[in-house]
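Data block for final-v4.txt (compact mmCIF, C-alpha atoms and all ligand atoms):
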# COMPACT_ATOMS: atom_id res chain seq x y z
CA MET A 159 15.51 -17.47 -6.16
CA ALA A 160 13.80 -16.62 -9.43
CA ASN A 161 15.35 -13.58 -11.03
CA VAL A 162 12.22 -11.43 -10.84
CA PHE A 163 13.32 -8.73 -8.39
CA ALA A 164 15.47 -5.74 -9.38
CA LYS A 165 18.10 -6.34 -6.71
CA ARG A 166 20.01 -3.66 -4.83
CA PRO A 167 23.59 -4.53 -3.95
CA VAL A 168 23.13 -4.81 -0.19
CA VAL A 169 22.51 -7.60 2.35
CA LEU A 170 20.24 -6.42 5.17
CA THR A 171 20.49 -8.38 8.38
CA ARG A 172 18.96 -6.35 11.21
CA GLY A 173 16.40 -3.62 11.85
CA LYS A 174 15.05 -1.51 14.71
CA GLY A 175 12.42 1.21 14.34
CA ALA A 176 13.18 3.14 11.16
CA LEU A 177 16.77 1.92 10.95
CA VAL A 178 18.23 -1.15 9.24
CA TRP A 179 21.79 -2.44 9.16
CA ASP A 180 23.62 -4.38 6.48
CA ILE A 181 25.89 -7.38 6.87
CA ASN A 182 28.89 -5.07 7.30
CA GLY A 183 27.21 -3.12 10.09
CA LYS A 184 26.45 -0.05 7.96
CA GLU A 185 23.34 1.82 9.14
CA TYR A 186 20.52 3.06 6.88
CA VAL A 187 17.43 5.19 7.46
CA ASP A 188 14.74 3.01 5.92
CA CYS A 189 12.28 5.16 3.98
CA THR A 190 11.06 2.07 2.12
CA GLY A 191 9.65 0.35 5.21
CA SER A 192 10.04 -2.90 3.24
CA TYR A 193 7.56 -1.51 0.69
CA GLY A 194 5.26 -0.22 3.39
CA VAL A 195 5.21 -3.39 5.50
CA ALA A 196 7.32 -2.16 8.43
CA LEU A 197 4.83 0.56 9.36
CA LEU A 198 5.27 -0.02 13.12
CA GLY A 199 9.05 -0.01 12.75
CA HIS A 200 11.29 -3.01 12.30
CA SER A 201 11.09 -5.69 15.00
CA HIS A 202 8.71 -3.76 17.23
CA PRO A 203 9.12 -5.30 20.72
CA LYS A 204 5.36 -5.93 21.09
CA ILE A 205 5.28 -7.84 17.80
CA VAL A 206 8.37 -9.83 18.80
CA GLU A 207 6.78 -10.71 22.15
CA ALA A 208 3.44 -11.68 20.59
CA VAL A 209 5.11 -13.91 17.99
CA GLN A 210 7.36 -15.58 20.58
CA LYS A 211 4.44 -16.33 22.91
CA GLN A 212 2.13 -17.61 20.19
CA ALA A 213 4.86 -19.73 18.59
CA GLU A 214 5.05 -21.69 21.83
CA ARG A 215 1.25 -22.21 21.98
CA LEU A 216 0.07 -22.92 18.43
CA ILE A 217 1.53 -21.86 15.10
CA SER A 218 -0.88 -23.31 12.57
CA CYS A 219 -4.60 -23.99 12.72
CA HIS A 220 -6.61 -24.32 9.53
CA ALA A 221 -9.63 -22.03 9.30
CA GLY A 222 -11.77 -25.18 9.22
CA PHE A 223 -11.27 -25.10 13.00
CA TYR A 224 -11.98 -22.21 15.35
CA ASN A 225 -9.02 -20.55 17.02
CA ASP A 226 -8.96 -18.09 19.95
CA MET A 227 -6.26 -15.84 18.49
CA ARG A 228 -8.01 -15.59 15.11
CA THR A 229 -11.26 -14.60 16.86
CA LYS A 230 -9.41 -11.99 18.92
CA PHE A 231 -7.84 -10.52 15.79
CA LEU A 232 -11.12 -10.42 13.85
CA GLN A 233 -12.79 -8.60 16.73
CA LYS A 234 -9.98 -6.03 16.91
CA LEU A 235 -9.95 -5.65 13.14
CA VAL A 236 -13.65 -4.89 12.75
CA SER A 237 -13.45 -2.47 15.68
CA ILE A 238 -11.22 -0.22 13.54
CA THR A 239 -12.49 -0.79 9.98
CA PRO A 240 -14.96 1.76 8.57
CA LYS A 241 -18.49 1.31 9.90
CA GLY A 242 -20.37 -1.60 8.38
CA LEU A 243 -17.28 -3.39 7.05
CA ASP A 244 -17.38 -6.21 9.56
CA LYS A 245 -16.97 -9.51 7.77
CA ALA A 246 -13.43 -10.46 6.77
CA PHE A 247 -11.62 -13.03 4.67
CA LEU A 248 -7.99 -13.52 5.71
CA SER A 249 -5.24 -14.40 3.27
CA ASN A 250 -1.52 -13.86 2.86
CA SER A 251 -0.83 -10.92 0.55
CA GLY A 252 -2.23 -7.83 -1.10
CA ALA A 253 -2.84 -9.57 -4.40
CA GLU A 254 -4.83 -12.27 -2.61
CA ALA A 255 -6.91 -9.64 -0.81
CA VAL A 256 -7.75 -8.22 -4.25
CA GLU A 257 -8.47 -11.68 -5.74
CA CYS A 258 -11.05 -12.26 -3.03
CA ALA A 259 -12.63 -8.85 -3.67
CA ILE A 260 -12.92 -9.63 -7.40
CA LYS A 261 -14.50 -13.03 -6.80
CA LEU A 262 -16.81 -11.56 -4.19
CA ALA A 263 -17.97 -8.78 -6.56
CA ARG A 264 -18.72 -11.27 -9.32
CA LYS A 265 -20.51 -13.69 -7.00
CA PHE A 266 -22.53 -11.01 -5.19
CA SER A 267 -23.67 -9.20 -8.32
CA GLY A 268 -23.88 -12.11 -10.73
CA LYS A 269 -22.08 -9.81 -13.19
CA PRO A 270 -18.57 -10.15 -14.63
CA GLU A 271 -17.19 -6.69 -15.32
CA ILE A 272 -14.69 -4.85 -13.11
CA ILE A 273 -13.74 -1.24 -13.82
CA ALA A 274 -10.27 -0.17 -12.64
CA MET A 275 -8.22 2.99 -13.16
CA MET A 276 -5.45 3.67 -15.66
CA GLY A 277 -2.26 3.84 -13.58
CA ALA A 278 -3.61 1.45 -10.95
CA PHE A 279 -1.59 -1.24 -9.22
CA HIS A 280 -3.42 -4.11 -7.54
CA GLY A 281 -0.86 -6.93 -7.58
CA LYS A 282 0.50 -9.52 -9.99
CA THR A 283 -1.58 -12.71 -9.65
CA MET A 284 -3.77 -13.23 -12.72
CA GLY A 285 -6.95 -11.63 -11.33
CA ALA A 286 -5.22 -8.72 -9.60
CA LEU A 287 -2.95 -8.31 -12.64
CA SER A 288 -6.03 -7.93 -14.84
CA ALA A 289 -6.89 -4.85 -12.76
CA THR A 290 -3.29 -3.56 -12.73
CA TRP A 291 -2.60 -1.02 -15.48
CA ASP A 292 1.10 -1.02 -16.44
CA LYS A 293 1.58 -2.94 -19.68
CA LYS A 294 5.06 -4.10 -18.70
CA TYR A 295 3.43 -6.22 -15.99
CA ARG A 296 0.46 -7.32 -18.13
CA GLU A 297 1.59 -7.91 -21.68
CA PRO A 298 3.82 -10.97 -21.23
CA PHE A 299 0.90 -12.82 -19.63
CA MET A 300 -1.98 -12.19 -22.03
CA PRO A 301 -4.70 -13.27 -22.16
CA LEU A 302 -5.65 -12.07 -18.70
CA VAL A 303 -9.01 -12.50 -16.95
CA PRO A 304 -11.75 -11.16 -19.26
CA GLU A 305 -14.18 -8.31 -18.55
CA PHE A 306 -11.73 -5.91 -16.90
CA LYS A 307 -11.51 -2.40 -18.23
CA HIS A 308 -9.55 0.71 -17.31
CA VAL A 309 -10.73 4.30 -17.31
CA PRO A 310 -8.79 7.56 -16.86
CA PRO A 311 -8.38 8.24 -13.13
CA ASP A 312 -9.96 11.09 -11.19
CA ASN A 313 -12.70 11.58 -13.79
CA ILE A 314 -16.22 10.68 -12.67
CA GLU A 315 -17.76 11.20 -16.09
CA LYS A 316 -15.40 8.66 -17.67
CA VAL A 317 -16.35 6.12 -15.01
CA ARG A 318 -20.03 6.83 -15.60
CA GLU A 319 -19.60 6.25 -19.34
CA ALA A 320 -17.79 2.97 -18.71
CA ILE A 321 -20.49 1.42 -16.51
CA THR A 322 -22.70 -1.07 -18.34
CA GLU A 323 -25.38 -3.57 -17.31
CA LYS A 324 -22.50 -6.08 -16.90
CA THR A 325 -20.57 -4.00 -14.33
CA ALA A 326 -20.08 -5.68 -10.97
CA ALA A 327 -17.68 -3.26 -9.28
CA ILE A 328 -15.34 -0.33 -9.44
CA LEU A 329 -11.93 -1.08 -7.96
CA VAL A 330 -9.75 1.85 -6.94
CA GLU A 331 -6.79 2.78 -4.74
CA PRO A 332 -7.85 5.85 -2.72
CA ILE A 333 -4.32 7.18 -3.33
CA ARG A 334 -2.40 5.52 -6.16
CA GLY A 335 0.92 4.22 -4.82
CA GLU A 336 2.91 2.45 -7.52
CA GLY A 337 1.23 4.77 -10.01
CA GLY A 338 3.27 7.69 -8.66
CA VAL A 339 1.78 8.60 -5.24
CA ARG A 340 -1.24 10.44 -6.65
CA VAL A 341 -3.87 11.88 -4.34
CA PRO A 342 -7.30 12.21 -6.01
CA PRO A 343 -8.96 15.61 -6.31
CA ASN A 344 -11.53 16.37 -3.63
CA GLY A 345 -14.89 15.05 -4.68
CA PHE A 346 -13.67 12.13 -6.77
CA LEU A 347 -14.13 9.36 -4.21
CA GLN A 348 -17.46 10.84 -3.01
CA GLY A 349 -18.49 11.00 -6.67
CA LEU A 350 -17.61 7.32 -7.10
CA ARG A 351 -19.66 6.44 -4.02
CA GLU A 352 -22.70 8.28 -5.34
CA LEU A 353 -22.30 6.76 -8.81
CA CYS A 354 -22.02 3.24 -7.37
CA ASN A 355 -25.15 3.80 -5.28
CA GLU A 356 -27.04 5.12 -8.28
CA LYS A 357 -25.97 2.30 -10.61
CA ASN A 358 -26.07 -0.48 -8.03
CA VAL A 359 -22.40 -1.28 -8.52
CA LEU A 360 -19.99 -2.28 -5.72
CA LEU A 361 -17.24 0.12 -4.68
CA ILE A 362 -13.99 -1.64 -3.75
CA PHE A 363 -11.13 0.30 -2.18
CA ASP A 364 -7.66 -1.21 -2.38
CA GLU A 365 -6.05 0.15 0.80
CA VAL A 366 -3.16 -2.32 0.71
CA GLN A 367 -0.67 0.55 0.65
CA THR A 368 -2.71 3.41 2.12
CA GLY A 369 -4.38 1.56 4.99
CA PHE A 370 -3.46 1.17 8.67
CA GLY A 371 -2.56 4.77 9.49
CA ARG A 372 -0.04 5.42 6.72
CA THR A 373 -1.76 8.55 5.33
CA GLY A 374 -2.65 10.15 8.67
CA LYS A 375 -6.03 8.40 9.12
CA LEU A 376 -6.55 4.72 9.92
CA PHE A 377 -7.79 4.28 6.33
CA ALA A 378 -7.24 6.78 3.54
CA CYS A 379 -10.94 6.75 2.60
CA GLU A 380 -11.59 8.53 5.93
CA HIS A 381 -9.95 11.69 4.55
CA TRP A 382 -12.96 12.02 2.26
CA ASN A 383 -15.57 10.36 4.54
CA VAL A 384 -16.29 7.71 1.95
CA THR A 385 -16.97 4.10 2.95
CA PRO A 386 -16.55 1.43 0.28
CA ASP A 387 -18.56 -1.80 0.12
CA VAL A 388 -15.37 -3.89 0.13
CA MET A 389 -11.87 -2.96 1.30
CA CYS A 390 -8.54 -4.73 0.72
CA LEU A 391 -5.70 -4.53 3.24
CA ALA A 392 -2.33 -6.24 3.55
CA LYS A 393 1.28 -5.02 3.93
CA PRO A 394 1.60 -3.80 7.57
CA VAL A 395 -1.48 -5.37 9.18
CA ALA A 396 0.42 -8.21 10.90
CA GLY A 397 3.41 -6.13 12.00
CA GLY A 398 5.60 -7.58 9.23
CA LEU A 399 4.24 -11.12 8.88
CA PRO A 400 2.41 -11.98 5.63
CA ILE A 401 -1.28 -11.18 5.65
CA GLY A 402 -4.08 -10.11 3.32
CA VAL A 403 -7.50 -8.97 4.46
CA THR A 404 -10.66 -8.51 2.42
CA VAL A 405 -13.33 -6.89 4.53
CA ALA A 406 -16.90 -6.24 3.42
CA LYS A 407 -20.40 -5.62 4.62
CA GLU A 408 -21.86 -8.84 5.97
CA SER A 409 -24.69 -8.75 3.44
CA ILE A 410 -22.10 -8.76 0.65
CA MET A 411 -19.54 -11.20 2.08
CA SER A 412 -22.30 -13.75 2.70
CA ALA A 413 -22.52 -14.17 -1.09
CA LEU A 414 -19.42 -16.40 -0.83
CA LYS A 415 -20.53 -19.87 0.27
CA VAL A 416 -18.57 -22.65 1.96
CA GLY A 417 -15.83 -23.90 -0.34
CA GLU A 418 -16.10 -21.10 -2.89
CA HIS A 419 -12.95 -19.38 -1.63
CA SER A 420 -10.16 -20.40 0.75
CA THR A 421 -6.44 -20.56 1.37
CA THR A 422 -4.54 -22.99 3.60
CA PHE A 423 -2.92 -20.29 5.75
CA SER A 424 -6.08 -18.18 6.25
CA GLY A 425 -5.83 -16.58 9.69
CA SER A 426 -3.01 -18.67 11.12
CA PRO A 427 -2.71 -18.18 14.89
CA LEU A 428 0.87 -16.92 14.64
CA VAL A 429 -0.03 -14.24 12.10
CA CYS A 430 -3.19 -13.32 14.01
CA ALA A 431 -1.24 -12.91 17.25
CA ALA A 432 1.12 -10.54 15.47
CA ALA A 433 -1.82 -8.70 13.90
CA CYS A 434 -3.53 -8.28 17.31
CA ALA A 435 -0.33 -6.74 18.67
CA ALA A 436 -0.04 -4.58 15.53
CA ILE A 437 -3.50 -3.07 16.03
CA ASP A 438 -2.72 -2.45 19.73
CA VAL A 439 0.53 -0.66 18.82
CA LEU A 440 -1.15 1.34 16.04
CA LEU A 441 -3.78 2.64 18.47
CA GLU A 442 -1.69 2.94 21.67
CA GLU A 443 1.15 4.79 19.96
CA LYS A 444 -1.35 6.92 17.99
CA LEU A 445 0.59 6.20 14.83
CA ALA A 446 -2.01 7.59 12.41
CA GLU A 447 -1.85 10.93 14.20
CA ARG A 448 1.93 10.70 14.18
CA ALA A 449 1.89 10.02 10.41
CA ALA A 450 -0.29 13.10 9.88
CA GLU A 451 2.05 15.31 11.92
CA LEU A 452 5.35 13.97 10.60
CA GLY A 453 3.91 13.86 7.09
CA VAL A 454 3.43 17.63 7.17
CA TYR A 455 7.01 18.05 8.41
CA PHE A 456 8.51 15.65 5.84
CA LYS A 457 6.49 17.10 2.96
CA ALA A 458 7.49 20.67 3.80
CA LYS A 459 11.16 19.60 3.78
CA LEU A 460 10.66 17.92 0.38
CA GLU A 461 9.05 21.10 -0.92
CA ASP A 462 12.15 23.00 0.25
CA LEU A 463 14.17 20.60 -1.92
CA GLN A 464 11.85 21.32 -4.83
CA ALA A 465 12.56 25.04 -4.40
CA ARG A 466 16.32 24.34 -4.40
CA HIS A 467 16.54 21.81 -7.25
CA ARG A 468 15.14 22.42 -10.72
CA ILE A 469 15.14 18.70 -11.46
CA VAL A 470 12.30 18.25 -8.93
CA LYS A 471 8.97 18.59 -10.70
CA GLU A 472 6.43 17.98 -7.94
CA VAL A 473 6.00 16.80 -4.35
CA ARG A 474 2.87 14.75 -3.62
CA GLY A 475 1.27 12.60 -0.95
CA LEU A 476 -0.53 12.46 2.37
CA GLY A 477 0.82 11.55 5.80
CA LEU A 478 3.88 9.32 5.48
CA MET A 479 3.08 8.22 1.94
CA LEU A 480 5.06 10.73 -0.07
CA GLY A 481 6.45 11.03 -3.58
CA VAL A 482 8.83 13.38 -5.35
CA GLU A 483 8.53 13.53 -9.12
CA ILE A 484 11.88 14.09 -10.83
CA ARG A 485 12.34 15.24 -14.43
CA PHE A 486 14.13 11.98 -15.36
CA ASP A 487 14.69 8.35 -14.35
CA VAL A 488 15.27 8.05 -10.57
CA LEU A 489 17.34 4.85 -10.45
CA ASN A 490 20.59 6.72 -9.80
CA ILE A 491 18.96 8.68 -6.99
CA LEU A 492 17.90 5.42 -5.33
CA LEU A 493 21.38 3.90 -5.58
CA LYS A 494 23.27 7.02 -4.55
CA SER A 495 20.99 7.62 -1.56
CA MET A 496 21.65 4.05 -0.48
CA GLU A 497 25.41 4.58 -0.68
CA ARG A 498 24.91 7.53 1.68
CA GLY A 499 22.79 5.53 4.14
CA VAL A 500 19.19 6.25 3.13
CA LEU A 501 16.86 3.72 1.49
CA VAL A 502 14.11 5.08 -0.74
CA LEU A 503 11.71 3.53 -3.24
CA ASP A 504 10.65 4.40 -6.74
CA ALA A 505 7.07 4.57 -8.01
CA GLY A 506 7.28 4.27 -11.76
CA LYS A 507 10.34 5.61 -13.55
CA THR A 508 10.35 9.20 -12.37
CA VAL A 509 9.04 9.24 -8.80
CA VAL A 510 11.03 8.76 -5.61
CA ARG A 511 8.64 7.27 -3.06
CA PHE A 512 8.79 7.32 0.75
CA LEU A 513 6.92 4.74 2.84
CA PRO A 514 8.89 4.99 6.11
CA PRO A 515 7.87 3.36 9.38
CA LEU A 516 5.46 5.71 11.16
CA VAL A 517 7.79 5.61 14.19
CA ILE A 518 10.50 7.42 12.20
CA GLU A 519 12.02 10.29 14.19
CA LYS A 520 12.34 13.87 13.01
CA SER A 521 16.13 13.62 13.14
CA GLN A 522 15.95 10.59 10.82
CA ILE A 523 13.73 12.53 8.40
CA ASP A 524 16.34 15.31 8.51
CA THR A 525 19.06 12.78 7.63
CA ALA A 526 17.01 11.51 4.69
CA ILE A 527 16.44 15.07 3.48
CA SER A 528 20.10 16.09 3.68
CA VAL A 529 21.17 12.95 1.80
CA LEU A 530 18.54 13.56 -0.86
CA ASP A 531 19.62 17.20 -1.09
CA ALA A 532 23.22 16.14 -1.78
CA VAL A 533 22.21 13.45 -4.28
CA LEU A 534 19.82 15.77 -6.15
CA GLY A 535 22.59 18.38 -6.30
CA GLU A 536 25.00 15.83 -7.79
CA GLU A 537 22.44 14.62 -10.31
CA GLU A 538 21.59 18.17 -11.27
CA ASN A 539 25.24 19.07 -11.84
CA ALA A 540 25.82 15.92 -13.85
CA ARG A 541 22.81 16.70 -16.06
CA LEU A 542 23.79 20.32 -16.51
CA LEU A 543 27.29 19.29 -17.53
CA GLY A 544 25.79 16.64 -19.78
CA ALA A 545 28.01 14.02 -18.19
CA PRO A 546 26.87 10.58 -17.08
CA SER A 547 26.05 10.85 -13.39
CA ASN A 548 27.88 7.74 -12.21
C1 LIG B 1 -2.37 -0.89 -3.76
C2 LIG B 1 -1.76 -2.25 -3.83
N1 LIG B 1 -2.55 -3.32 -4.04
C3 LIG B 1 -2.06 -4.56 -4.10
C4 LIG B 1 -0.72 -4.80 -3.95
C5 LIG B 1 -0.19 -6.20 -4.04
O1 LIG B 1 0.26 -6.62 -2.80
P1 LIG B 1 1.23 -7.89 -2.69
O2 LIG B 1 2.54 -7.49 -3.27
O3 LIG B 1 1.28 -8.16 -1.21
O4 LIG B 1 0.59 -8.99 -3.45
C6 LIG B 1 0.16 -3.73 -3.71
C7 LIG B 1 1.60 -3.95 -3.56
O5 LIG B 1 2.40 -3.07 -3.60
C8 LIG B 1 -0.38 -2.42 -3.66
O6 LIG B 1 0.40 -1.36 -3.46
As structure tokens, please, write out the structure in this file.
Amino acid sequence: MANVFAKRPVVLTRGKGALVWDINGKEYVDCTGSYGVALLGHSHPKIVEAVQKQAERLISCHAGFYNDMRTKFLQKLVSITPKGLDKAFLSNSGAEAVECAIKLARKFSGKPEIIAMMGAFHGKTMGALSATWDKKYREPFMPLVPEFKHVPPDNIEKVREAITEKTAAILVEPIRGEGGVRVPPNGFLQGLRELCNEKNVLLIFDEVQTGFGRTGKLFACEHWNVTPDVMCLAKPVAGGLPIGVTVAKESIMSALKVGEHSTTFSGSPLVCAAACAAIDVLLEEKLAERAAELGVYFKAKLEDLQARHRIVKEVRGLGLMLGVEIRFDVLNILLKSMERGVLVLDAGKTVVRFLPPLVIEKSQIDTAISVLDAVLGEEENARLLGAPSN
């Protein structure tokens, strides 16, 4: 495989709920959730059953033909998406969901310019990358798609100044994930909505990481009662199978005409069967509510750690999308936590990020906290003594 992933020295072979096991049988509490994909827990029995059944009926069916399972999924999907967002394009990843949103905005408005936020992450294909902020992702691939610009986040006036007669859309993550788990100040997303209405510009929310219950609501925009014109989803929507979803108001999505956008795997029956089961599980197990409740518990425990360890600068997040900002590079914390049986993510250089399955149990959160407590203590001592920490 191309050497583009920063590999961790572990071979994972099995998972159940919020636990995974490596090839030697060692158990880990998975607070990465495969980068937010395993939101229902690893190998949820309802997903396994749905995939097994559908695999025996029909695995592939190009979207040039109708398919019963795709129809069923689309109906379930638009029954949970914010009101009015009821026309969907199905793809295979978050970046693709964003690509479709960008093309749709340009086609609908007849204008080229997309305004994104400094610190944003929208994926790494050329269009999505043009909206992504971090120069380490962008610079090796210049020139990117023209007419993208970035403005300081959480500042309505800066967005207002940036809008021109060429602006098609504003693209924003309701809570920035890769950018350090940053929740916007109250009023920012409402302000964007009002500004977009006033200037006749589309509002696109990238809910690839925040969507599907993760933050304690089905979609993070619901925390602020703001409905975008276009919304991007991906990661957990098909219970672990690859999917991207771009959902928009019908009046907007109809701007894309036959042939103007497509992908071979769009809405494959196998993926749609898994996604139907995923929506059922999300609603039946009340996982958004669970994320809200456990998020409060987890965050309070992280704040206790902040009180105990001077190297912790800040605890941020909503529901089970949490981040802990450390006063230095977190790579050692990731590796040492793994040695002790807890998998965590980074978000930029200095933030430890938690995207656990929403089915995680309190006792598993406690395990993660006690491991982090020990690792932070070790790191703190090493820094105080001025010694290398490994
Ligand atoms: C907010 C957001 N948008 C888009 C993407 C890109 O998704 P993918 O990696 O599936 O292309 C990600 C991935 O982490 C993301 O967090």
For this session: Find the residues around stretch 340-355 of chain A up to 7 Å (only C-alpha atoms counted), leave out those fewer than 5 positions away in its own chain, and share them as a ChimeraX atom specification.
Result: /A:312,314,333-335,360-361,384,474-475
Go ahead and write the residues just picked, C-alpha atoms, as a CSV table (one decimal), keeping the file's coordinate frame.
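File written: result-v9.csv
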chain,number,residue,atom,x,y,z
A,312,ASP,CA,-10.0,11.1,-11.2
A,314,ILE,CA,-16.2,10.7,-12.7
A,333,ILE,CA,-4.3,7.2,-3.3
A,334,ARG,CA,-2.4,5.5,-6.2
A,335,GLY,CA,0.9,4.2,-4.8
A,360,LEU,CA,-20.0,-2.3,-5.7
A,361,LEU,CA,-17.2,0.1,-4.7
A,384,VAL,CA,-16.3,7.7,2.0
A,474,ARG,CA,2.9,14.8,-3.6
A,475,GLY,CA,1.3,12.6,-1.0
Exercise. Could you list, as an NGL selection string, all the residues within 6 Å of ligand LIG 1 (chain B), counting all atoms listed in the file?
Worked result: :A and (251-253 or 279-281 or 331 or 335 or 364-367)
Problem set entry | Option closest in space to A:Leu493, from A:Leu513, A:Ala286, A:Val206, A:Leu534 [counting all atoms listed in the file] | A:Leu534
Problem set entry | Pick from A:Phe231, A:Gly506, A:Arg318, A:Thr171 nearest to A:Asp438, counting all atoms listed in the file | A:Phe231
For this session: Determine the nearest neighbour of A:Glu447 from the options A:Val169, A:Met411, A:Leu516, A:Val256, counting only C-alpha atoms.
Result: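 Among A:Val169, A:Met411, A:Leu516, A:Val256, it is A:Leu516 that comes nearest to A:Glu447.
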Exercise. Which polymer residues have any atom within 8 Å of an atom of A:Gly242, counting all atoms listed in the file, with same-chain residues fewer than 3 positions away left out, as a count of residues only?
Worked result: 3
For this session: Calculate how many Å separate atom CA of A:Glu536 from atom CA of A:Phe163, rounding to one decimal.
Result: 27.2 Å
Would it be fine to have stretch 315-321 of chain A, with all heavy atoms, given as a short mmCIF file (atom, residue, chain, number, x, y, z; two decimals), in the first residue's frame?
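selection.cif, freshly written:
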data_model
loop_
_atom_site.label_atom_id
_atom_site.label_comp_id
_atom_site.auth_asym_id
_atom_site.auth_seq_id
_atom_site.Cartn_x
_atom_site.Cartn_y
_atom_site.Cartn_z
N GLU A 315 -18.32 38.91 10.66
CA GLU A 315 -17.94 40.10 9.90
C GLU A 315 -16.90 39.78 8.83
O GLU A 315 -16.93 40.31 7.73
CB GLU A 315 -17.45 41.21 10.83
CG GLU A 315 -18.59 41.94 11.53
CD GLU A 315 -19.79 42.21 10.59
OE1 GLU A 315 -19.60 42.84 9.53
OE2 GLU A 315 -20.91 41.77 10.91
N LYS A 316 -15.97 38.86 9.17
CA LYS A 316 -14.95 38.47 8.19
C LYS A 316 -15.59 37.73 7.01
O LYS A 316 -15.16 37.87 5.86
CB LYS A 316 -13.88 37.57 8.84
CG LYS A 316 -13.04 38.30 9.87
CD LYS A 316 -12.05 39.24 9.19
CE LYS A 316 -11.22 39.96 10.23
NZ LYS A 316 -10.51 41.11 9.69
N VAL A 317 -16.62 36.94 7.31
CA VAL A 317 -17.30 36.23 6.22
C VAL A 317 -18.01 37.25 5.34
O VAL A 317 -17.94 37.21 4.12
CB VAL A 317 -18.30 35.17 6.76
CG1 VAL A 317 -18.91 34.38 5.60
CG2 VAL A 317 -17.64 34.22 7.75
N ARG A 318 -18.69 38.19 5.99
CA ARG A 318 -19.42 39.22 5.25
C ARG A 318 -18.47 39.97 4.30
O ARG A 318 -18.77 40.15 3.12
CB ARG A 318 -20.07 40.19 6.23
CG ARG A 318 -20.85 41.32 5.55
CD ARG A 318 -21.42 42.29 6.56
NE ARG A 318 -22.54 41.73 7.29
CZ ARG A 318 -23.80 41.67 6.83
NH1 ARG A 318 -24.08 42.15 5.65
NH2 ARG A 318 -24.75 41.14 7.55
N GLU A 319 -17.30 40.34 4.82
CA GLU A 319 -16.33 41.07 3.99
C GLU A 319 -15.85 40.24 2.80
O GLU A 319 -15.49 40.78 1.77
CB GLU A 319 -15.08 41.43 4.83
CG GLU A 319 -15.26 42.61 5.76
CD GLU A 319 -14.13 42.71 6.77
OE1 GLU A 319 -13.02 42.19 6.50
OE2 GLU A 319 -14.38 43.29 7.85
N ALA A 320 -15.81 38.92 3.00
CA ALA A 320 -15.25 38.05 1.95
C ALA A 320 -16.23 37.78 0.82
O ALA A 320 -15.84 37.41 -0.29
CB ALA A 320 -14.80 36.72 2.58
N ILE A 321 -17.53 37.95 1.09
CA ILE A 321 -18.53 37.64 0.05
C ILE A 321 -18.46 38.67 -1.07
O ILE A 321 -18.38 39.86 -0.82
CB ILE A 321 -19.95 37.61 0.67
CG1 ILE A 321 -20.08 36.42 1.64
CG2 ILE A 321 -21.02 37.51 -0.41
CD1 ILE A 321 -21.41 36.34 2.37
#
